[in-house]
Amino acid sequence: MLKYLTLLIFLSFASFSQDLPYREIPEYPESFSANNVVVRMIEGLAFRYYWATEGLREEDLNYKPSADGRTTLQTIEHINGLVNVSKNTIFNVPTVFGPRPEKMFEELRKETLTNLELAANLLREHPETELEELKMVFKSENSETVYPFWNLINGPLEDAVWHVGQVITFRRSSGNPYNSKAGVLTGKVSE
């Protein structure tokens with residue numbers, strides 16, 4: 001566990017000092033494995049998130065499709081929480097519920113992309129990691145709930161993809177469509 005926390009701290013500092021990751025998806029691995037497939041799912045989410053959130057304006061962030069709906073910024077905050085759960089599960093640490101500090105959009109965006117990169121890198125760099133040993137654990141002051149890794153896939157990871165689609169729809173509705181040169185099939189940007 002200590003080795004993973006040390007890696008997390010190192011990668012956090014390394015990532016925050018560079019450009020944001022996932023402008024493009026890295027090349028795919030030479031072989032198929034459960035870990036490589038999960039890494040590619042994370043990278044696909046990260047690429048979509050990068051372009052869904054690239055160039056958002058204040059009016060885009062404040063856009064709300066209905067009186068009782070979430071704003072784009074609130075949706076981005078929710079995605080950040082889902083990604084945090086995903087990263088915690090892959091690092092095999094519990095997600096602890098409690099108050100979360102408010103963050104500005106750029107900070108949320110950077111943190112979300114960095115957490116996706118951390119999770120993907122851990123699985124890529126440690127192919128011996130057995131996914132069935134990773135548990136999605138939610139802790140609160142009075143309880144702990146544990147789910148198998150399967151629930152991470154159909155829960156937070158797929159929910160994050162769903163909400164990234166909402167961000168794309170919201171930004172179109174507020175008059176700022178995403179860059180159509182970002183190809184989700186290839187994970188590349190055509191110039």
# chains A, B, ... in the order shown; residues from 1 in each chain; ligands from 1
>>> residues_around(residues="range 161-171 of chain A", least_positions_apart="5", cutoff="7 Å", atoms="only C-alpha atoms", output="ChimeraX atom specification")
/A:45,48-49,52,60,63,72,75,79,176-178
>>> select_by_dssp(residues="range 49-147 of chain A", states="strand (DSSP E)", output="list in words")
Thr95, Val96, Lys135, Met136, Val137, Phe138, Lys139, Glu144, Thr145, Val146 and Tyr147 of chain A
>>> atom_distance(atom1="CA of Val93 in chain A", atom2="CA of Trp150 in chain A")
16.1 Å
>>> select_by_dssp(residues="range 53-185 of chain A", states="alpha helix (DSSP H)", output="PyMOL selection string")
chain A and resi 53+58-62+72-90+105-125+149-152+158-173
>>> write_last_selection(atoms="C-alpha atoms", output="mmCIF file, in the first residue's frame")
data_model
loop_
_atom_site.group_PDB
_atom_site.id
_atom_site.type_symbol
_atom_site.label_atom_id
_atom_site.label_comp_id
_atom_site.auth_asym_id
_atom_site.auth_seq_id
_atom_site.Cartn_x
_atom_site.Cartn_y
_atom_site.Cartn_z
ATOM 1 C CA THR A 53 -14.227 20.436 -21.077
ATOM 2 C CA GLU A 58 -18.356 30.982 -17.979
ATOM 3 C CA GLU A 59 -21.741 30.878 -19.720
ATOM 4 C CA ASP A 60 -21.151 27.218 -20.603
ATOM 5 C CA LEU A 61 -20.300 26.354 -16.997
ATOM 6 C CA ASN A 62 -23.433 28.120 -15.770
ATOM 7 C CA THR A 72 -22.470 22.132 -16.489
ATOM 8 C CA LEU A 73 -20.118 22.975 -13.615
ATOM 9 C CA GLN A 74 -22.149 20.847 -11.183
ATOM 10 C CA THR A 75 -21.984 17.985 -13.696
ATOM 11 C CA ILE A 76 -18.203 18.410 -13.922
ATOM 12 C CA GLU A 77 -18.009 18.321 -10.106
ATOM 13 C CA HIS A 78 -19.985 15.065 -10.159
ATOM 14 C CA ILE A 79 -17.651 13.570 -12.777
ATOM 15 C CA ASN A 80 -14.710 14.557 -10.570
ATOM 16 C CA GLY A 81 -16.262 12.624 -7.675
ATOM 17 C CA LEU A 82 -16.850 9.547 -9.858
ATOM 18 C CA VAL A 83 -13.258 9.663 -11.093
ATOM 19 C CA ASN A 84 -12.024 10.014 -7.519
ATOM 20 C CA VAL A 85 -13.925 6.835 -6.556
ATOM 21 C CA SER A 86 -12.397 5.074 -9.576
ATOM 22 C CA LYS A 87 -8.863 6.173 -8.729
ATOM 23 C CA ASN A 88 -9.315 5.189 -5.074
ATOM 24 C CA THR A 89 -10.572 1.738 -6.064
ATOM 25 C CA ILE A 90 -7.639 1.143 -8.397
ATOM 26 C CA PHE A 105 -13.273 24.785 -12.901
ATOM 27 C CA GLU A 106 -9.638 24.691 -14.071
ATOM 28 C CA GLU A 107 -8.578 22.995 -10.831
ATOM 29 C CA LEU A 108 -11.389 20.416 -11.179
ATOM 30 C CA ARG A 109 -10.450 19.732 -14.789
ATOM 31 C CA LYS A 110 -6.776 19.250 -14.001
ATOM 32 C CA GLU A 111 -7.503 17.064 -10.968
ATOM 33 C CA THR A 112 -9.943 14.868 -12.904
ATOM 34 C CA LEU A 113 -7.550 14.300 -15.810
ATOM 35 C CA THR A 114 -4.630 13.707 -13.438
ATOM 36 C CA ASN A 115 -6.613 11.170 -11.392
ATOM 37 C CA LEU A 116 -7.533 9.316 -14.582
ATOM 38 C CA GLU A 117 -3.878 9.313 -15.584
ATOM 39 C CA LEU A 118 -2.807 8.048 -12.153
ATOM 40 C CA ALA A 119 -5.312 5.183 -12.268
ATOM 41 C CA ALA A 120 -4.367 4.175 -15.815
ATOM 42 C CA ASN A 121 -0.642 4.379 -15.071
ATOM 43 C CA LEU A 122 -0.931 2.236 -11.951
ATOM 44 C CA LEU A 123 -2.685 -0.558 -13.848
ATOM 45 C CA ARG A 124 -0.325 -0.231 -16.825
ATOM 46 C CA GLU A 125 2.833 -0.209 -14.726
ATOM 47 C CA PHE A 149 -14.408 -4.336 -9.023
ATOM 48 C CA TRP A 150 -17.260 -5.209 -11.416
ATOM 49 C CA ASN A 151 -19.363 -2.503 -9.801
ATOM 50 C CA LEU A 152 -16.682 0.086 -10.536
ATOM 51 C CA GLU A 158 -19.650 4.208 -17.048
ATOM 52 C CA ASP A 159 -21.559 6.894 -15.144
ATOM 53 C CA ALA A 160 -18.670 9.294 -15.779
ATOM 54 C CA VAL A 161 -18.854 8.537 -19.529
ATOM 55 C CA TRP A 162 -22.610 9.206 -19.403
ATOM 56 C CA HIS A 163 -22.079 12.582 -17.732
ATOM 57 C CA VAL A 164 -19.304 13.590 -20.134
ATOM 58 C CA GLY A 165 -21.944 13.170 -22.856
ATOM 59 C CA GLN A 166 -24.142 15.575 -20.907
ATOM 60 C CA VAL A 167 -21.334 18.151 -20.810
ATOM 61 C CA ILE A 168 -21.058 17.853 -24.620
ATOM 62 C CA THR A 169 -24.814 18.361 -24.976
ATOM 63 C CA PHE A 170 -24.872 21.267 -22.527
ATOM 64 C CA ARG A 171 -22.026 23.093 -24.270
ATOM 65 C CA ARG A 172 -23.751 22.673 -27.640
ATOM 66 C CA SER A 173 -26.916 24.092 -26.103
#
>>> residues_around(residues="Ser190 in chain A", least_positions_apart="6", cutoff="12 Å", atoms="only C-alpha atoms", output="list in words")
Arg23, Glu24, Asn179, Ser180, Lys181, Ala182, Gly183 and Val184 of chain A
>>> closest_residue(among="A:Gly187, A:Tyr147, A:Gly69, A:Pro127", to="Phe32 in chain A", atoms="only C-alpha atoms")
A:Pro127
>>> closest_residue(among="A:Glu27, A:Gly155, A:Phe47, A:Met136", to="Val189 in chain A", atoms="only C-alpha atoms")
A:Phe47
>>> atom_distance(atom1="CA of Tyr50 in chain A", atom2="CA of Pro21 in chain A")
8.0 Å
>>> closest_residue(among="A:Ile42, A:Pro29, A:Val146, A:Leu157", to="Pro94 in chain A", atoms="only C-alpha atoms")
A:Val146
>>> closest_residue(among="A:Lys188, A:His126, A:Arg100, A:Lys64", to="Pro26 in chain A", atoms="only C-alpha atoms")
A:Lys188
